[in-house]
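Novice: One file is attached below, coords.pdb, containing PDB, N, CA and C atoms.
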```
MODEL        1
ATOM      1  N   MET A  13      24.043   8.545   5.430
ATOM      2  CA  MET A  13      24.639   8.801   4.145
ATOM      3  C   MET A  13      25.197  10.226   4.068
ATOM      4  N   ARG A  14      24.587  11.135   4.802
ATOM      5  CA  ARG A  14      25.089  12.511   4.789
ATOM      6  C   ARG A  14      26.478  12.601   5.408
ATOM      7  N   LYS A  15      26.689  11.835   6.469
ATOM      8  CA  LYS A  15      28.015  11.840   7.096
ATOM      9  C   LYS A  15      29.073  11.321   6.121
ATOM     10  N   GLN A  16      28.731  10.265   5.406
ATOM     11  CA  GLN A  16      29.685   9.709   4.439
ATOM     12  C   GLN A  16      29.912  10.665   3.272
ATOM     13  N   ALA A  17      28.864  11.335   2.833
ATOM     14  CA  ALA A  17      29.022  12.307   1.749
ATOM     15  C   ALA A  17      29.894  13.470   2.208
ATOM     16  N   GLY A  18      29.668  13.935   3.433
ATOM     17  CA  GLY A  18      30.491  15.013   3.975
ATOM     18  C   GLY A  18      31.939  14.597   4.109
ATOM     19  N   LEU A  19      32.160  13.378   4.570
ATOM     20  CA  LEU A  19      33.518  12.844   4.690
ATOM     21  C   LEU A  19      34.175  12.762   3.316
ATOM     22  N   SER A  20      33.431  12.289   2.328
ATOM     23  CA  SER A  20      33.967  12.191   0.964
ATOM     24  C   SER A  20      34.391  13.559   0.450
ATOM     25  N   LEU A  21      33.565  14.563   0.666
ATOM     26  CA  LEU A  21      33.892  15.907   0.196
ATOM     27  C   LEU A  21      35.110  16.475   0.908
ATOM     28  N   LYS A  22      35.226  16.215   2.207
ATOM     29  CA  LYS A  22      36.377  16.716   2.959
ATOM     30  C   LYS A  22      37.675  16.065   2.488
ATOM     31  N   VAL A  23      37.663  14.751   2.326
ATOM     32  CA  VAL A  23      38.868  14.040   1.879
ATOM     33  C   VAL A  23      39.223  14.460   0.448
ATOM     34  N   ALA A  24      38.211  14.599  -0.394
ATOM     35  CA  ALA A  24      38.466  15.031  -1.773
ATOM     36  C   ALA A  24      39.034  16.448  -1.802
ATOM     37  N   ALA A  25      38.541  17.316  -0.927
ATOM     38  CA  ALA A  25      39.052  18.693  -0.873
ATOM     39  C   ALA A  25      40.519  18.715  -0.457
ATOM     40  N   VAL A  26      40.882  17.920   0.541
ATOM     41  CA  VAL A  26      42.277  17.854   0.970
ATOM     42  C   VAL A  26      43.149  17.339  -0.173
ATOM     43  N   PHE A  27      42.689  16.305  -0.845
ATOM     44  CA  PHE A  27      43.446  15.747  -1.973
ATOM     45  C   PHE A  27      43.629  16.784  -3.081
ATOM     46  N   LEU A  28      42.571  17.512  -3.413
ATOM     47  CA  LEU A  28      42.668  18.517  -4.473
ATOM     48  C   LEU A  28      43.570  19.672  -4.086
ATOM     49  N   VAL A  29      43.538  20.072  -2.813
ATOM     50  CA  VAL A  29      44.433  21.137  -2.357
ATOM     51  C   VAL A  29      45.883  20.702  -2.527
ATOM     52  N   ILE A  30      46.178  19.475  -2.162
ATOM     53  CA  ILE A  30      47.549  18.963  -2.322
ATOM     54  C   ILE A  30      47.905  18.847  -3.796
ATOM     55  N   LEU A  31      47.000  18.288  -4.589
ATOM     56  CA  LEU A  31      47.265  18.065  -6.006
ATOM     57  C   LEU A  31      47.434  19.377  -6.770
ATOM     58  N   LEU A  32      46.560  20.325  -6.516
ATOM     59  CA  LEU A  32      46.622  21.604  -7.229
ATOM     60  C   LEU A  32      47.569  22.589  -6.549
ATOM     61  N   GLY A  33      47.885  22.340  -5.296
ATOM     62  CA  GLY A  33      48.782  23.230  -4.573
ATOM     63  C   GLY A  33      50.221  23.127  -5.029
ATOM     64  N   LEU A  34      50.632  21.981  -5.520
ATOM     65  CA  LEU A  34      52.016  21.816  -5.968
ATOM     66  C   LEU A  34      52.353  22.712  -7.162
ATOM     67  N   PRO A  35      51.549  22.740  -8.223
ATOM     68  CA  PRO A  35      51.856  23.668  -9.311
ATOM     69  C   PRO A  35      51.761  25.132  -8.866
ATOM     70  N   LEU A  36      50.815  25.414  -7.991
ATOM     71  CA  LEU A  36      50.680  26.775  -7.478
ATOM     72  C   LEU A  36      51.902  27.176  -6.658
ATOM     73  N   ALA A  37      52.381  26.266  -5.822
ATOM     74  CA  ALA A  37      53.587  26.532  -5.032
ATOM     75  C   ALA A  37      54.804  26.708  -5.948
ATOM     76  N   ASN A  38      54.869  25.926  -7.013
ATOM     77  CA  ASN A  38      55.967  26.078  -7.975
ATOM     78  C   ASN A  38      55.934  27.458  -8.627
ATOM     79  N   ALA A  39      54.732  27.956  -8.893
ATOM     80  CA  ALA A  39      54.606  29.260  -9.542
ATOM     81  C   ALA A  39      54.877  30.407  -8.569
ATOM     82  N   LEU A  40      54.388  30.273  -7.335
ATOM     83  CA  LEU A  40      54.485  31.377  -6.381
ATOM     84  C   LEU A  40      55.754  31.359  -5.527
ATOM     85  N   LEU A  41      56.316  30.182  -5.311
ATOM     86  CA  LEU A  41      57.496  30.036  -4.454
ATOM     87  C   LEU A  41      58.597  29.263  -5.171
ATOM     88  N   PRO A  42      59.071  29.759  -6.297
ATOM     89  CA  PRO A  42      60.044  28.976  -7.067
ATOM     90  C   PRO A  42      61.353  28.728  -6.327
ATOM     91  N   ASP A  43      61.791  29.671  -5.494
ATOM     92  CA  ASP A  43      63.043  29.468  -4.754
ATOM     93  C   ASP A  43      62.919  28.314  -3.758
ATOM     94  N   LEU A  44      61.811  28.288  -3.032
ATOM     95  CA  LEU A  44      61.592  27.220  -2.050
ATOM     96  C   LEU A  44      61.441  25.867  -2.741
ATOM     97  N   MET A  45      60.672  25.828  -3.801
ATOM     98  CA  MET A  45      60.392  24.563  -4.470
ATOM     99  C   MET A  45      61.602  24.006  -5.213
ATOM    100  N   SER A  46      62.567  24.870  -5.549
ATOM    101  CA  SER A  46      63.752  24.380  -6.254
ATOM    102  C   SER A  46      64.913  24.069  -5.308
ATOM    103  N   LYS A  47      64.700  24.231  -4.001
ATOM    104  CA  LYS A  47      65.748  23.878  -3.029
ATOM    105  C   LYS A  47      66.084  22.403  -3.151
ATOM    106  N   GLN A  48      67.363  22.100  -3.095
ATOM    107  CA  GLN A  48      67.827  20.715  -3.224
ATOM    108  C   GLN A  48      67.738  19.996  -1.879
ATOM    109  N   ILE A  49      67.061  18.866  -1.868
ATOM    110  CA  ILE A  49      66.975  17.997  -0.692
ATOM    111  C   ILE A  49      67.294  16.595  -1.178
ATOM    112  N   LEU A  50      68.335  16.004  -0.619
ATOM    113  CA  LEU A  50      68.797  14.674  -1.029
ATOM    114  C   LEU A  50      69.098  14.615  -2.529
ATOM    115  N   GLY A  51      69.543  15.729  -3.076
ATOM    116  CA  GLY A  51      69.913  15.769  -4.477
ATOM    117  C   GLY A  51      68.777  16.024  -5.437
ATOM    118  N   PHE A  52      67.572  16.232  -4.925
ATOM    119  CA  PHE A  52      66.405  16.479  -5.769
ATOM    120  C   PHE A  52      65.794  17.821  -5.405
ATOM    121  N   PRO A  53      65.214  18.513  -6.368
ATOM    122  CA  PRO A  53      64.454  19.713  -6.023
ATOM    123  C   PRO A  53      63.261  19.309  -5.139
ATOM    124  N   PHE A  54      62.892  20.168  -4.207
ATOM    125  CA  PHE A  54      61.818  19.836  -3.268
ATOM    126  C   PHE A  54      60.542  19.423  -3.989
ATOM    127  N   SER A  55      60.204  20.131  -5.067
ATOM    128  CA  SER A  55      58.960  19.796  -5.772
ATOM    129  C   SER A  55      58.991  18.370  -6.320
ATOM    130  N   TRP A  56      60.138  17.928  -6.828
ATOM    131  CA  TRP A  56      60.253  16.563  -7.336
ATOM    132  C   TRP A  56      60.261  15.548  -6.206
ATOM    133  N   LEU A  57      60.884  15.901  -5.103
ATOM    134  CA  LEU A  57      60.885  15.010  -3.944
ATOM    135  C   LEU A  57      59.461  14.817  -3.432
ATOM    136  N   PHE A  58      58.732  15.920  -3.343
ATOM    137  CA  PHE A  58      57.339  15.835  -2.890
ATOM    138  C   PHE A  58      56.514  14.998  -3.849
ATOM    139  N   LEU A  59      56.636  15.293  -5.125
ATOM    140  CA  LEU A  59      55.834  14.602  -6.127
ATOM    141  C   LEU A  59      56.206  13.127  -6.248
ATOM    142  N   GLY A  60      57.497  12.823  -6.190
ATOM    143  CA  GLY A  60      57.941  11.446  -6.403
ATOM    144  C   GLY A  60      57.941  10.567  -5.173
ATOM    145  N   VAL A  61      58.071  11.175  -3.988
ATOM    146  CA  VAL A  61      58.210  10.363  -2.778
ATOM    147  C   VAL A  61      57.078  10.600  -1.781
ATOM    148  N   LEU A  62      56.766  11.823  -1.477
ATOM    149  CA  LEU A  62      55.807  12.118  -0.413
ATOM    150  C   LEU A  62      54.350  12.040  -0.851
ATOM    151  N   PHE A  63      54.089  12.234  -2.129
ATOM    152  CA  PHE A  63      52.715  12.276  -2.603
ATOM    153  C   PHE A  63      51.986  10.949  -2.362
ATOM    154  N   PHE A  64      52.655   9.840  -2.608
ATOM    155  CA  PHE A  64      51.997   8.539  -2.478
ATOM    156  C   PHE A  64      51.672   8.176  -1.031
ATOM    157  N   PRO A  65      52.583   8.358  -0.078
ATOM    158  CA  PRO A  65      52.187   8.090   1.312
ATOM    159  C   PRO A  65      51.042   8.981   1.789
ATOM    160  N   ILE A  66      51.039  10.222   1.339
ATOM    161  CA  ILE A  66      49.926  11.113   1.714
ATOM    162  C   ILE A  66      48.622  10.578   1.139
ATOM    163  N   THR A  67      48.646  10.119  -0.103
ATOM    164  CA  THR A  67      47.455   9.552  -0.727
ATOM    165  C   THR A  67      47.009   8.281  -0.006
ATOM    166  N   TRP A  68      47.965   7.432   0.357
ATOM    167  CA  TRP A  68      47.624   6.218   1.107
ATOM    168  C   TRP A  68      47.019   6.564   2.462
ATOM    169  N   PHE A  69      47.588   7.552   3.139
ATOM    170  CA  PHE A  69      47.049   7.965   4.430
ATOM    171  C   PHE A  69      45.616   8.469   4.282
ATOM    172  N   LEU A  70      45.365   9.310   3.286
ATOM    173  CA  LEU A  70      44.003   9.809   3.067
ATOM    174  C   LEU A  70      43.036   8.666   2.780
ATOM    175  N   SER A  71      43.474   7.707   1.984
ATOM    176  CA  SER A  71      42.620   6.549   1.665
ATOM    177  C   SER A  71      42.327   5.725   2.910
ATOM    178  N   ALA A  72      43.365   5.452   3.702
ATOM    179  CA  ALA A  72      43.175   4.661   4.921
ATOM    180  C   ALA A  72      42.269   5.400   5.906
ATOM    181  N   TYR A  73      42.465   6.703   6.029
ATOM    182  CA  TYR A  73      41.611   7.504   6.922
ATOM    183  C   TYR A  73      40.163   7.433   6.459
ATOM    184  N   TYR A  74      39.938   7.571   5.155
ATOM    185  CA  TYR A  74      38.578   7.537   4.623
ATOM    186  C   TYR A  74      37.909   6.190   4.901
ATOM    187  N   VAL A  75      38.619   5.105   4.638
ATOM    188  CA  VAL A  75      38.046   3.773   4.848
ATOM    189  C   VAL A  75      37.744   3.545   6.326
ATOM    190  N   LYS A  76      38.682   3.907   7.200
ATOM    191  CA  LYS A  76      38.476   3.706   8.638
ATOM    192  C   LYS A  76      37.293   4.522   9.132
ATOM    193  N   ARG A  77      37.237   5.772   8.741
ATOM    194  CA  ARG A  77      36.146   6.641   9.198
ATOM    195  C   ARG A  77      34.802   6.199   8.628
ATOM    196  N   THR A  78      34.790   5.727   7.385
ATOM    197  CA  THR A  78      33.547   5.224   6.789
ATOM    198  C   THR A  78      33.048   4.000   7.540
ATOM    199  N   GLU A  79      33.963   3.108   7.908
ATOM    200  CA  GLU A  79      33.561   1.929   8.682
ATOM    201  C   GLU A  79      33.008   2.319  10.044
ATOM    202  N   GLU A  80      33.606   3.343  10.663
ATOM    203  CA  GLU A  80      33.087   3.823  11.955
ATOM    204  C   GLU A  80      31.688   4.393  11.799
ATOM    205  N   ILE A  81      31.450   5.152  10.745
ATOM    206  CA  ILE A  81      30.122   5.725  10.504
ATOM    207  C   ILE A  81      29.108   4.622  10.277
ATOM    208  N   GLU A  82      29.479   3.608   9.496
ATOM    209  CA  GLU A  82      28.565   2.490   9.249
ATOM    210  C   GLU A  82      28.268   1.721  10.533
ATOM    211  N   ALA A  83      29.285   1.543  11.379
ATOM    212  CA  ALA A  83      29.071   0.844  12.652
ATOM    213  C   ALA A  83      28.136   1.645  13.553
ATOM    214  N   GLU A  84      28.290   2.954  13.571
ATOM    215  CA  GLU A  84      27.402   3.804  14.369
ATOM    216  C   GLU A  84      25.972   3.689  13.868
ATOM    217  N   GLN A  85      25.798   3.714  12.558
ATOM    218  CA  GLN A  85      24.460   3.621  11.990
ATOM    219  C   GLN A  85      23.835   2.259  12.245
ATOM    220  N   THR A  86      24.630   1.209  12.186
ATOM    221  CA  THR A  86      24.128  -0.132  12.465
ATOM    222  C   THR A  86      23.692  -0.248  13.907
ATOM    223  N   LYS A  87      24.498   0.324  14.795
ATOM    224  CA  LYS A  87      24.182   0.282  16.221
ATOM    225  C   LYS A  87      22.894   1.033  16.530
ATOM    226  N   GLU A  88      22.702   2.179  15.888
ATOM    227  CA  GLU A  88      21.504   2.986  16.100
ATOM    228  C   GLU A  88      20.256   2.292  15.575
ATOM    229  N   GLY A  89      20.399   1.512  14.500
ATOM    230  CA  GLY A  89      19.253   0.874  13.872
ATOM    231  C   GLY A  89      18.865  -0.461  14.473
ATOM    232  N   MET A  90      19.713  -1.028  15.357
ATOM    233  CA  MET A  90      19.429  -2.349  15.926
ATOM    234  C   MET A  90      18.476  -2.210  17.121
ATOM    235  N   PRO A  91      17.450  -3.066  17.159
ATOM    236  CA  PRO A  91      16.548  -3.049  18.333
ATOM    237  C   PRO A  91      17.244  -3.619  19.553
ATOM    238  N   GLU A  92      16.894  -3.066  20.687
ATOM    239  CA  GLU A  92      17.531  -3.537  21.929
ATOM    240  C   GLU A  92      16.718  -4.590  22.616
TER
ENDMDL
END
```
Now that the file is in, can you turn its structure into structure tokens?

Specialist:
Amino acid sequence: MRKQAGLSLKVAAVFLVILLGLPLANALLPDLMSKQILGFPFSWLFLGVLFFPITWFLSAYYVKRTEEIEAEQTKEGMPE
């Protein structure tokens, strides 16, 4: 359970850095964040297009890694 709790905290930390980093980047790097890419400011492109695949990737990584941890624990607990 400690491995899963640690994994949860790591994934949550990455998500929060991304989520809270966007407003911070807008405040600290307004020139970069307002650059036009495909007709949209970078901050809007990130928020509207890139944010969801990143969230899906984090979710898929969490589920896959959790299943691996559970499989390891099951293997360790089974009598030979």

Novice: Around the point (28.0, 8.6, 11.3) in the file's coordinates, collect all residues with an atom within 9 Å, using only C-alpha atoms, and return them as a ChimeraX atom specification.

Specialist: /A:13-16,77-78,80-85

Novice: How would the residues just picked look written out with N, CA and C atoms as a compact mmCIF listing (two decimals), in the coordinates of the input?

Specialist:
```txt
# COMPACT_ATOMS: atom_id res chain seq x y z
N MET A 13 24.04 8.54 5.43
CA MET A 13 24.64 8.80 4.14
C MET A 13 25.20 10.23 4.07
N ARG A 14 24.59 11.14 4.80
CA ARG A 14 25.09 12.51 4.79
C ARG A 14 26.48 12.60 5.41
N LYS A 15 26.69 11.84 6.47
CA LYS A 15 28.02 11.84 7.10
C LYS A 15 29.07 11.32 6.12
N GLN A 16 28.73 10.26 5.41
CA GLN A 16 29.68 9.71 4.44
C GLN A 16 29.91 10.66 3.27
N ARG A 77 37.24 5.77 8.74
CA ARG A 77 36.15 6.64 9.20
C ARG A 77 34.80 6.20 8.63
N THR A 78 34.79 5.73 7.38
CA THR A 78 33.55 5.22 6.79
C THR A 78 33.05 4.00 7.54
N GLU A 80 33.61 3.34 10.66
CA GLU A 80 33.09 3.82 11.96
C GLU A 80 31.69 4.39 11.80
N ILE A 81 31.45 5.15 10.74
CA ILE A 81 30.12 5.72 10.50
C ILE A 81 29.11 4.62 10.28
N GLU A 82 29.48 3.61 9.50
CA GLU A 82 28.56 2.49 9.25
C GLU A 82 28.27 1.72 10.53
N ALA A 83 29.28 1.54 11.38
CA ALA A 83 29.07 0.84 12.65
C ALA A 83 28.14 1.64 13.55
N GLU A 84 28.29 2.95 13.57
CA GLU A 84 27.40 3.80 14.37
C GLU A 84 25.97 3.69 13.87
N GLN A 85 25.80 3.71 12.56
CA GLN A 85 24.46 3.62 11.99
C GLN A 85 23.84 2.26 12.24
```

Novice: So how far away is CA of Phe27 (chain A) from CA of Ser71 (chain A), in Å?

Specialist: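 CA of Phe27 (chain A) lies 9.9 Å from CA of Ser71 (chain A).
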
Novice: Enclose the full set of atoms of region 37-40 of chain A listed in the file within a box whose edges lie along x, y and z, apply 8 Å of padding to each of the six sides, and report centre and edge lengths in Å to one decimal as JSON.

Specialist:
```
{"center_x": 54.2, "center_y": 28.7, "center_z": -7.3, "size_x": 19.6, "size_y": 21.5, "size_z": 20.5}
```

Novice: Considering only strand (DSSP E or B) as DSSP defines it on the backbone, what residues of chain A qualify? List them as a list in words.

Specialist: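 Here are the strand (DSSP E or B) residues of chain A: Gln48, Ile49, Phe52 and Pro53 of chain A.
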
Novice: Write out as number ranges by chain which residues come within 9 Å of region 53-61 of chain A when counting only C-alpha atoms, dropping same-chain ones fewer than 4 positions away.

Specialist: A: 34-35, 37-38, 44-49, 65

Novice: Just give me the gap between atom C of Leu41 (chain A) and atom N of Ala24 (chain A) in Å, one decimal is fine.

Specialist: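 The value is 25.6 Å.
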
Novice: Record the distance separating atom N of Lys22 (chain A) and atom N of Val75 (chain A), expressed in Å with one decimal.

Specialist: 11.9 Å

Novice: Write out as a count of residues only all residues of chain A that backbone DSSP assigns to alpha helix (DSSP H).

Specialist: 62
